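A.B. asks: Below is model-v2.tsv; it holds TSV, C-alpha atoms.
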```
chain	number	residue	atom	x	y	z
A	1	ALA	CA	-76.35	100.51	83.11
A	2	ASP	CA	-74.39	103.39	81.64
A	3	LEU	CA	-76.11	104.06	78.30
A	4	GLY	CA	-73.14	106.03	76.99
A	5	THR	CA	-71.00	102.90	77.21
A	6	TYR	CA	-73.27	101.02	74.81
A	7	ASN	CA	-74.72	103.79	72.68
A	8	PRO	CA	-73.16	103.57	69.19
A	9	MET	CA	-73.48	107.34	68.82
A	10	GLU	CA	-71.05	107.74	71.72
A	11	ARG	CA	-68.58	105.18	70.35
A	12	LEU	CA	-67.64	106.55	66.94
A	13	GLU	CA	-63.94	107.22	67.50
A	14	SER	CA	-62.72	103.82	66.27
A	15	LEU	CA	-64.87	103.97	63.12
A	16	ALA	CA	-63.65	107.48	62.36
A	17	ALA	CA	-60.02	106.57	63.08
A	18	ALA	CA	-60.26	103.54	60.77
A	19	ARG	CA	-61.82	105.81	58.13
A	20	ILE	CA	-64.63	103.32	57.54
A	21	PRO	CA	-66.68	104.88	54.74
A	22	MET	CA	-70.34	105.40	55.66
A	23	LEU	CA	-73.27	106.47	53.52
A	24	PHE	CA	-76.74	107.18	54.89
A	25	ILE	CA	-79.85	107.76	52.79
A	26	HIS	CA	-82.63	109.28	54.87
A	27	GLY	CA	-86.02	110.82	54.19
A	28	ASP	CA	-86.33	114.39	55.42
A	29	SER	CA	-89.89	113.78	56.66
A	30	ASP	CA	-89.12	110.79	58.90
A	31	THR	CA	-90.92	111.30	62.22
A	32	VAL	CA	-90.11	107.80	63.54
A	33	VAL	CA	-86.33	108.24	63.29
A	34	PRO	CA	-85.77	112.01	62.91
A	35	ILE	CA	-82.84	112.79	60.64
A	36	GLU	CA	-81.36	115.55	62.83
A	37	ASP	CA	-80.96	113.38	65.93
A	38	ASN	CA	-79.85	110.23	64.14
A	39	ALA	CA	-78.13	110.00	60.75
A	40	GLY	CA	-77.53	113.75	60.63
A	41	GLU	CA	-75.88	113.78	64.04
A	42	LEU	CA	-73.86	110.64	63.36
A	43	VAL	CA	-72.49	112.04	60.09
A	44	SER	CA	-71.57	115.32	61.81
A	45	ARG	CA	-69.78	113.53	64.64
A	46	VAL	CA	-67.89	111.08	62.42
A	47	ASN	CA	-66.71	113.85	60.10
A	48	ALA	CA	-65.69	116.03	63.06
A	49	LEU	CA	-63.56	113.11	64.26
A	50	GLY	CA	-61.83	112.94	60.88
A	51	GLY	CA	-63.88	110.03	59.53
A	52	ARG	CA	-65.73	109.65	56.25
A	53	ALA	CA	-69.51	109.81	56.40
A	54	GLU	CA	-72.00	111.16	53.89
A	55	LEU	CA	-75.74	111.79	54.14
A	56	ILE	CA	-78.15	111.84	51.21
A	57	THR	CA	-81.48	113.41	52.10
A	58	VAL	CA	-84.57	112.37	50.13
A	59	PRO	CA	-87.12	115.20	50.12
A	60	GLY	CA	-90.66	114.36	51.20
A	61	LYS	CA	-89.92	110.81	52.32
A	62	GLY	CA	-90.52	109.49	55.79
A	63	HIS	CA	-89.79	106.20	57.54
A	64	GLU	CA	-90.53	104.02	54.53
A	65	VAL	CA	-88.92	102.01	51.78
A	66	CYS	CA	-88.96	103.92	48.52
A	67	PRO	CA	-87.21	103.67	45.15
A	68	GLU	CA	-85.17	106.81	45.84
A	69	PHE	CA	-83.29	104.94	48.57
A	70	PHE	CA	-82.13	102.16	46.26
A	71	GLU	CA	-82.13	103.77	42.83
A	72	SER	CA	-79.54	106.37	43.73
A	73	SER	CA	-76.47	106.73	41.53
A	74	VAL	CA	-74.49	107.90	44.58
A	75	PHE	CA	-75.54	104.77	46.50
A	76	MET	CA	-74.60	102.50	43.58
A	77	SER	CA	-71.23	104.22	43.12
A	78	PHE	CA	-70.56	103.88	46.85
A	79	LEU	CA	-71.31	100.14	46.77
A	80	LEU	CA	-69.29	99.50	43.65
A	81	ALA	CA	-66.27	101.46	44.88
A	82	LYS	CA	-66.26	99.74	48.27
A	83	GLY	CA	-66.73	96.32	46.65
A	84	GLU	CA	-63.76	96.91	44.37
A	85	ILE	CA	-61.60	97.94	47.33
A	86	ALA	CA	-62.65	94.88	49.36
A	87	ALA	CA	-62.14	92.50	46.42
A	88	SER	CA	-58.67	93.88	45.60
A	89	SER	CA	-57.56	93.71	49.23
A	90	GLY	CA	-58.76	90.13	49.69
A	91	SER	CA	-61.08	91.14	52.53
A	92	PHE	CA	-64.25	90.09	50.75
```
As structure tokens, what does this structure read like?
C.D. replies:
Amino acid sequence: ADLGTYNPMERLESLAAARIPMLFIHGDSDTVVPIEDNAGELVSRVNALGGRAELITVPGKGHEVCPEFFESSVFMSFLLAKGEIAASSGSF
């Protein structure tokens, strides 16, 4: 099988063109899913394609669940803004 055909990292054009807002919160010490090759690369590619992606890096955190991922004012603002947009457009 052609991995490029099914790899989401190689299929970002439609998300970028639709300007789907994306927010990633990632620990900078994650050795299971390294930030540079994953969320960092995806954000770079989406933004280069004219999309809207943002990355919040949490210092000293690895591949784990931690309060910093969910108690982020940027994360809460992102969710609230996108919820308001969806509710007002009837696409909820």
A.B. asks: For His26 (chain A), which of A:Leu80, A:Val58, A:Val74, A:Ala48 is the closest residue, counting only C-alpha atoms?
C.D. replies: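 Of the candidates, the smallest distance to His26 (chain A) is held by A:Val58.
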A.B. asks: Write out as JSON, numbers by chain each polymer residue whose atoms come within 10 Å of Leu15 (chain A), counting all atoms listed in the file; drop sequence neighbours fewer than 4 positions from it.
C.D. replies: {"A": [11, 19, 20, 21, 22, 46, 49, 50, 51, 52]}
A.B. asks: Do a neighbour search on Asn7 (chain A) at 12 Å with all atoms listed in the file, toss out local chain neighbours closer than 5 positions, and write the hits as a PyMOL selection string.
C.D. replies: chain A and resi 1-2+12+38+42
A.B. asks: Which neighbours of Glu64 (chain A) fall inside 12 Å, counting all atoms listed in the file, when residues of the same chain fewer than 5 positions from it are skipped, and could you give them as a list in words?
C.D. replies: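 My reading of the contact set: Ile25, His26, Gly27, Asp28, Ser29, Asp30, Thr31, Val32, Val33, Val58, Phe69 and Phe70 of chain A.
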A.B. asks: With distances taken over all atoms listed in the file, which of A:Ala53, A:Ala39, A:Leu23, A:Cys66 is nearest to Phe78 (chain A)?
C.D. replies: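 Of all the options, A:Leu23 lies closest to Phe78 (chain A).
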A.B. asks: Go ahead and compute the interatomic distance for CA of Glu54 (chain A) and CA of Leu79 (chain A), in Å to one decimal.
C.D. replies: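 Spanning CA of Glu54 (chain A) to CA of Leu79 (chain A) is a straight-line distance of 13.1 Å.
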A.B. asks: Which value, in Å to one decimal, gives the distance between CA of Met9 (chain A) and CA of Gly40 (chain A)?
C.D. replies: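 Answer for the CA of Met9 (chain A) to CA of Gly40 (chain A) separation: 11.2 Å.
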A.B. asks: Please determine, counting only C-alpha atoms, which residue among A:Leu55, A:Leu3, A:Val43, A:Ile35 has the shortest atom-to-atom distance to Phe75 (chain A).
C.D. replies: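 Of the candidates, the smallest distance to Phe75 (chain A) is held by A:Leu55.
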A.B. asks: Which distance in Å separates CA of Pro59 (chain A) and CA of Arg45 (chain A), to one decimal?
C.D. replies: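 Separation between CA of Pro59 (chain A) and CA of Arg45 (chain A): 22.7 Å.
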A.B. asks: Using all atoms listed in the file for the distances, tell me which of A:Thr57, A:Ser44, A:Ser14, A:Thr5 is nearest to Ser72 (chain A).
C.D. replies: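 Closest residue, counting all atoms listed in the file: A:Thr57.
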A.B. asks: Please write out, as lines of an AutoDock Vina configuration file, where the centre of an axis-aligned box around all listed atoms of region 35-50 of chain A lies and how long its edges are, in Å to one decimal, after adding 5 Å on each side.
C.D. replies:
```
center_x = -72.3
center_y = 113.0
center_z = 63.0
size_x = 31.0
size_y = 16.0
size_z = 15.8
```
